[in-house]
$ cat structure24.txt   # compact mmCIF, C-alpha atoms
# COMPACT_ATOMS: atom_id res chain seq x y z
CA MET F 1197 3.50 18.95 -21.09
CA ILE F 1198 5.90 16.43 -19.61
CA GLU F 1199 6.77 18.96 -16.91
CA ILE F 1200 3.11 19.24 -15.87
CA LEU F 1201 2.65 15.45 -15.92
CA LYS F 1202 5.82 14.99 -13.89
CA GLY F 1203 4.82 17.55 -11.30
CA GLY F 1204 1.37 16.03 -10.99
CA LEU F 1205 2.78 12.53 -10.53
CA LEU F 1206 5.22 13.75 -7.88
CA LEU F 1207 2.56 15.60 -5.91
CA VAL F 1208 -0.02 12.83 -6.11
CA GLY F 1209 2.57 10.23 -5.07
CA ALA F 1210 3.68 12.32 -2.12
CA ILE F 1211 0.07 12.88 -1.04
CA PHE F 1212 -0.65 9.15 -1.23
CA MET F 1213 2.33 8.48 1.02
CA PHE F 1214 1.11 11.12 3.46
CA LEU F 1215 -2.32 9.48 3.51
CA ALA F 1216 -0.68 6.15 4.24
CA ALA F 1217 1.17 7.64 7.21
CA LEU F 1218 -2.01 9.34 8.42
CA GLY F 1219 -3.83 6.03 8.28
CA LEU F 1220 -0.98 4.37 10.14
CA VAL F 1221 -1.39 6.85 12.99
CA ARG F 1222 -5.15 7.15 13.08
CA LEU F 1223 -6.55 3.67 12.46
CA PRO F 1224 -7.38 1.45 15.43
CA ASP F 1225 -5.66 -1.93 15.03
CA LEU F 1226 -2.86 -3.77 13.23
CA LEU F 1227 -4.83 -5.09 10.25
CA THR F 1228 -6.56 -1.79 9.45
CA ARG F 1229 -3.22 0.00 9.75
CA MET F 1230 -1.66 -2.43 7.29
CA HIS F 1231 -4.62 -1.96 4.97
CA ALA F 1232 -3.81 1.76 4.90
CA THR F 1233 -0.04 1.55 4.52
CA THR F 1234 0.63 -1.27 2.08
CA LYS F 1235 -1.66 -0.12 -0.70
CA ALA F 1236 -1.25 3.65 -0.47
CA ALA F 1237 2.53 3.58 0.05
CA THR F 1238 3.00 1.16 -2.85
CA LEU F 1239 0.96 3.39 -5.13
CA GLY F 1240 2.83 6.49 -3.96
CA ALA F 1241 6.27 4.99 -4.58
CA SER F 1242 5.14 3.70 -7.99
CA LEU F 1243 3.86 7.12 -9.05
CA ILE F 1244 7.10 8.81 -7.99
CA MET F 1245 9.13 6.22 -9.89
CA LEU F 1246 6.96 6.91 -12.96
CA ALA F 1247 7.82 10.60 -12.57
CA VAL F 1248 11.53 9.67 -12.44
CA ALA F 1249 11.15 7.64 -15.64
CA LEU F 1250 9.44 10.58 -17.35
CA HIS F 1251 12.10 13.02 -16.16
CA PHE F 1252 15.15 11.16 -17.44
CA GLY F 1253 13.69 9.49 -20.51
CA GLU F 1254 16.68 7.24 -21.20
CA VAL F 1255 16.30 3.53 -21.72
CA ALA F 1256 18.57 2.51 -18.84
CA VAL F 1257 16.86 4.77 -16.31
CA VAL F 1258 13.33 3.95 -17.45
CA ALA F 1259 14.10 0.24 -17.23
CA ARG F 1260 15.43 0.64 -13.71
CA ALA F 1261 12.45 2.75 -12.62
CA LEU F 1262 10.03 0.19 -14.04
CA GLY F 1263 12.07 -2.50 -12.30
CA VAL F 1264 11.62 -0.72 -8.98
CA ILE F 1265 7.87 -0.47 -9.60
CA LEU F 1266 7.62 -4.15 -10.49
CA PHE F 1267 9.65 -5.16 -7.46
CA ILE F 1268 7.57 -3.06 -5.08
CA MET F 1269 4.32 -4.34 -6.57
CA MET F 1270 5.50 -7.93 -6.21
CA THR F 1271 6.97 -7.75 -2.72
CA ALA F 1272 4.50 -5.46 -0.91
CA PRO F 1273 1.61 -8.00 -0.85
CA VAL F 1274 3.95 -10.80 0.25
CA ALA F 1275 5.42 -8.74 3.08
CA ALA F 1276 1.97 -7.57 4.17
CA HIS F 1277 0.64 -11.12 4.20
CA VAL F 1278 3.58 -12.40 6.22
CA ILE F 1279 3.41 -9.60 8.79
CA GLY F 1280 -0.37 -9.84 9.10
CA ARG F 1281 -0.12 -13.58 9.65
CA ALA F 1282 2.60 -13.19 12.26
CA GLY F 1283 0.66 -10.40 13.96
CA TYR F 1284 -2.47 -12.52 14.16
CA PHE F 1285 -0.57 -15.48 15.59
CA VAL F 1286 1.25 -13.53 18.27
CA GLY F 1287 -2.13 -12.35 19.46
CA SER F 1288 -2.33 -8.70 18.48
CA ARG F 1289 -5.73 -7.48 19.53
CA LEU F 1290 -8.41 -6.73 16.93
CA TRP F 1291 -10.46 -3.55 17.04
CA HIS F 1292 -13.50 -3.85 19.32
CA GLY F 1293 -15.75 -2.96 16.40
CA THR F 1294 -14.57 -5.91 14.31
CA VAL F 1295 -17.62 -7.62 12.85
CA LYS F 1296 -16.23 -10.97 11.80
CA ASP F 1297 -13.16 -13.05 12.59
CA GLU F 1298 -13.62 -16.28 10.70
CA LEU F 1299 -10.22 -17.67 11.64
CA ARG F 1300 -10.84 -17.72 15.39
CA PRO F 1301 -13.49 -20.49 15.60
CA ASN F 1302 -11.84 -22.63 12.92
CA TYR F 1303 -8.20 -22.45 13.84
CA ASP F 1304 -6.35 -24.21 16.62
CA PRO F 1305 -3.26 -22.16 17.56
CA LEU F 1306 -1.63 -25.07 19.39
CA THR F 1307 -1.71 -27.67 16.65
CA HIS F 1308 -1.92 -25.18 13.72
CA GLU F 1309 -4.89 -27.15 12.44
CA LEU F 1310 -7.44 -25.33 10.29
CA LYS F 1311 -10.99 -26.62 9.99
CA SER F 1312 -13.01 -25.95 6.87
CA GLY F 1313 -16.37 -25.98 8.61
CA MET F 1314 -17.46 -28.89 6.39
CA GLU F 1315 -16.31 -31.70 8.67
CA THR F 1316 -18.59 -34.60 9.47
CA ASP F 1317 -18.01 -37.11 12.21
CA ALA F 1318 -16.57 -39.54 9.70
CA ASN F 1319 -13.94 -37.36 8.08
CA ALA F 1320 -13.01 -35.36 11.17
CA VAL F 1321 -11.18 -38.32 12.66
CA HIS F 1322 -7.45 -37.88 12.27
CA GLN F 1323 -6.08 -40.60 10.05
CA PRO F 1324 -2.40 -41.23 10.62
CA ARG F 1325 -0.13 -41.69 7.65
CA GLU F 1326 3.00 -43.76 7.46
CA ASN F 1327 5.43 -40.83 7.40
CA ASP F 1328 3.80 -38.93 10.26
CA PRO F 1329 6.19 -37.85 13.00
CA ARG F 1330 5.44 -39.67 16.21
CA MET T 485 9.26 22.72 -10.91
CA SER T 486 11.38 23.45 -7.84
CA THR T 487 8.24 24.40 -5.93
CA VAL T 488 6.70 21.02 -6.75
CA ILE T 489 9.86 19.20 -5.69
CA LEU T 490 10.10 21.16 -2.47
CA SER T 491 6.46 20.65 -1.55
CA SER T 492 6.52 16.93 -2.28
CA LEU T 493 9.65 16.60 -0.15
CA VAL T 494 7.89 18.46 2.65
CA ILE T 495 4.80 16.24 2.40
CA MET T 496 6.92 13.09 2.49
CA SER T 497 8.90 14.36 5.47
CA LEU T 498 5.58 14.88 7.28
CA ALA T 499 4.69 11.29 6.38
CA LEU T 500 8.00 10.17 7.88
CA CYS T 501 7.21 12.08 11.08
CA LEU T 502 3.77 10.45 11.34
CA ALA T 503 5.29 7.01 10.77
CA PHE T 504 7.78 7.78 13.51
CA VAL T 505 4.91 8.60 15.86
CA ARG T 506 3.53 5.11 15.26
CA LEU T 507 6.99 3.60 15.62
CA TYR T 508 7.29 5.26 19.02
CA ARG T 509 3.78 4.61 20.30
CA GLY T 510 2.94 1.32 18.56
CA PRO T 511 1.38 -0.88 21.20
CA SER T 512 2.84 -4.12 19.83
CA LEU T 513 5.87 -5.19 17.84
CA PRO T 514 3.95 -5.92 14.58
CA ASP T 515 2.72 -2.32 14.59
CA ARG T 516 6.31 -1.14 14.74
CA VAL T 517 7.27 -3.46 11.89
CA VAL T 518 4.50 -1.97 9.77
CA ALA T 519 5.80 1.51 10.58
CA LEU T 520 9.31 0.46 9.50
CA GLU T 521 7.91 -0.83 6.20
CA LEU T 522 6.20 2.49 5.59
CA PHE T 523 9.53 4.18 6.41
CA SER T 524 11.27 2.33 3.62
CA SER T 525 8.50 3.06 1.08
CA VAL T 526 8.62 6.77 1.88
CA ILE T 527 12.41 6.76 1.66
CA VAL T 528 12.22 5.15 -1.79
CA GLY T 529 9.95 8.03 -2.78
CA ILE T 530 12.29 10.63 -1.30
CA ILE T 531 15.25 9.11 -3.16
CA GLY T 532 13.25 9.31 -6.40
CA VAL T 533 12.47 13.00 -5.84
CA VAL T 534 16.09 13.75 -4.96
CA ALA T 535 17.18 11.95 -8.14
CA ILE T 536 14.93 14.28 -10.13
CA ALA T 537 16.09 17.37 -8.23
CA THR T 538 19.81 16.66 -8.64
CA ASP T 539 19.64 15.01 -12.11
CA VAL T 540 21.61 12.00 -10.89
CA PRO T 541 20.08 8.78 -12.30
CA SER T 542 22.45 6.57 -10.30
CA LEU T 543 20.40 7.30 -7.18
CA LEU T 544 17.84 4.83 -8.52
CA ASP T 545 20.18 2.00 -7.56
CA VAL T 546 19.97 3.21 -3.97
CA ALA T 547 16.18 3.06 -4.23
CA ILE T 548 16.36 -0.52 -5.51
CA VAL T 549 18.59 -1.58 -2.63
CA MET T 550 16.33 0.19 -0.16
CA ALA T 551 13.22 -1.63 -1.40
CA LEU T 552 15.05 -4.96 -1.34
CA MET T 553 16.31 -4.51 2.20
CA ALA T 554 12.86 -3.52 3.42
CA PHE T 555 11.40 -6.72 2.01
CA MET T 556 14.12 -8.81 3.64
CA ALA T 557 13.62 -7.05 6.96
CA ALA T 558 9.87 -7.63 6.87
CA ILE T 559 10.30 -11.34 6.18
CA GLY T 560 12.92 -11.62 8.92
CA PHE T 561 10.79 -9.83 11.49
CA ALA T 562 7.80 -11.99 10.64
CA ARG T 563 9.84 -15.18 11.06
CA PHE T 564 11.15 -13.88 14.37
CA LEU T 565 7.64 -13.04 15.58
CA GLU T 566 6.18 -16.40 14.62
CA ARG T 567 9.00 -18.32 16.28
CA GLY T 568 8.38 -16.48 19.52
CA GLY T 569 4.79 -17.58 19.97
CA PRO T 570 2.06 -15.50 21.60
CA ARG T 571 3.34 -12.35 23.25
CA ASP T 572 1.82 -9.57 25.28
CA ASP T 573 3.53 -6.23 24.75
$ encode --input "structure24.txt" --output "C-alpha cells"
Amino acid sequence: MIEILKGGLLLVGAIFMFLAALGLVRLPDLLTRMHATTKAATLGASLIMLAVALHFGEVAVVARALGVILFIMMTAPVAAHVIGRAGYFVGSRLWHGTVKDELRPNYDPLTHELKSGMETDANAVHQPRENDPR
Amino acid sequence: MSTVILSSLVIMSLALCLAFVRLYRGPSLPDRVVALELFSSVIVGIIGVVAIATDVPSLLDVAIVMALMAFMAAIGFARFLERGGPRDD
C-alpha cells in the first residue's frame, strides 16, 4: 500500500515539475512564466518530499522532509514576488494580449509614488513632513 | 519500484533540459532568474528521488541547503536588478 502511494507521489511530483518547465518554455512573458513555475514546481517538490517521508518513516527523516516542505512553501511566494517586482521595474515587456495593467497608470517609476485612484485636488497636494529629506 | 524511480528521474531530467532552454534563450535577465529558480526546485526533487533510490536519508540535508541557497540567490538577483534601474536586454 505504502509502495503504491509512494510511487504515485513520485510520479505526480515529477510530472508537475515537467509541466512547470513546459510552461516556462511555452508561455509568452515573464509574469505568465512565473505563474507556471512557482506554483507547479513548489507542489512537485512538496509531493516528492512527502514520498521521501513515507519511504523512510523515521521521526528524524520525516521531520526534515516536512521542514523542507514548509521552507519551500514559505519562501517560494516571497521569491516570486520579489522577482516579479524587479522584473516589472526593469521594464520587462508584457504579453501583447495582456488585458489589464493597473500599475502602469497609477505608478510613477521615477519617484516610486503610487496613486490609489481616490485622490482629490485637496489631498493630492504633497504635504512635507519635518523629517523629510531635502 | 525501480521503474517508477527511473521514470520520475527521466521526467525531471527532461524538465531540467526545458529549463535550460529558457535559461539559454530567455530574452531578459528576470526570465533567466526564473529559470534558475526552477532549476533549484527540480534539483531538490531529484535529490529526494535519489535519497529514496539509495536509502540514504542524509541526502535530505543537501536538499535543505539547495532550497535555502536558491532563495538567497533569488533575493540577491532581485536586489541587483532593482538597483540597476530600467534595462533593455
$ atom_distance --input "structure24.txt" --atom1 "atom CA of Glu521 of chain T" --atom2 "atom CA of Ala554 of chain T"
6.3 Å
$ interface_residues --input "structure24.txt" --of "chain T" --to "chain F" --cutoff "8 Å" --atoms "only C-alpha atoms" --output "count of residues only"
50
$ atom_distance --input "structure24.txt" --atom1 "atom CA of Glu1326 of chain F" --atom2 "atom CA of His1308 of chain F"
20.2 Å
$ atom_distance --input "structure24.txt" --atom1 "atom CA of Phe504 of chain T" --atom2 "atom CA of Val540 of chain T"
28.4 Å
$ residues_around --input "structure24.txt" --residues "Ile527 of chain T" --least-positions-apart "3" --cutoff "8 Å" --atoms "all atoms listed in the file" --output "list in words"
Phe523, Ser524, Ile530, Ile531, Ala547 and Met550 of chain T
$ closest_residue --input "structure24.txt" --among "T:Phe564, T:Ala537, T:Ala557, T:Leu552" --to "Leu1266 of chain F" --atoms "all atoms listed in the file"
T:Leu552
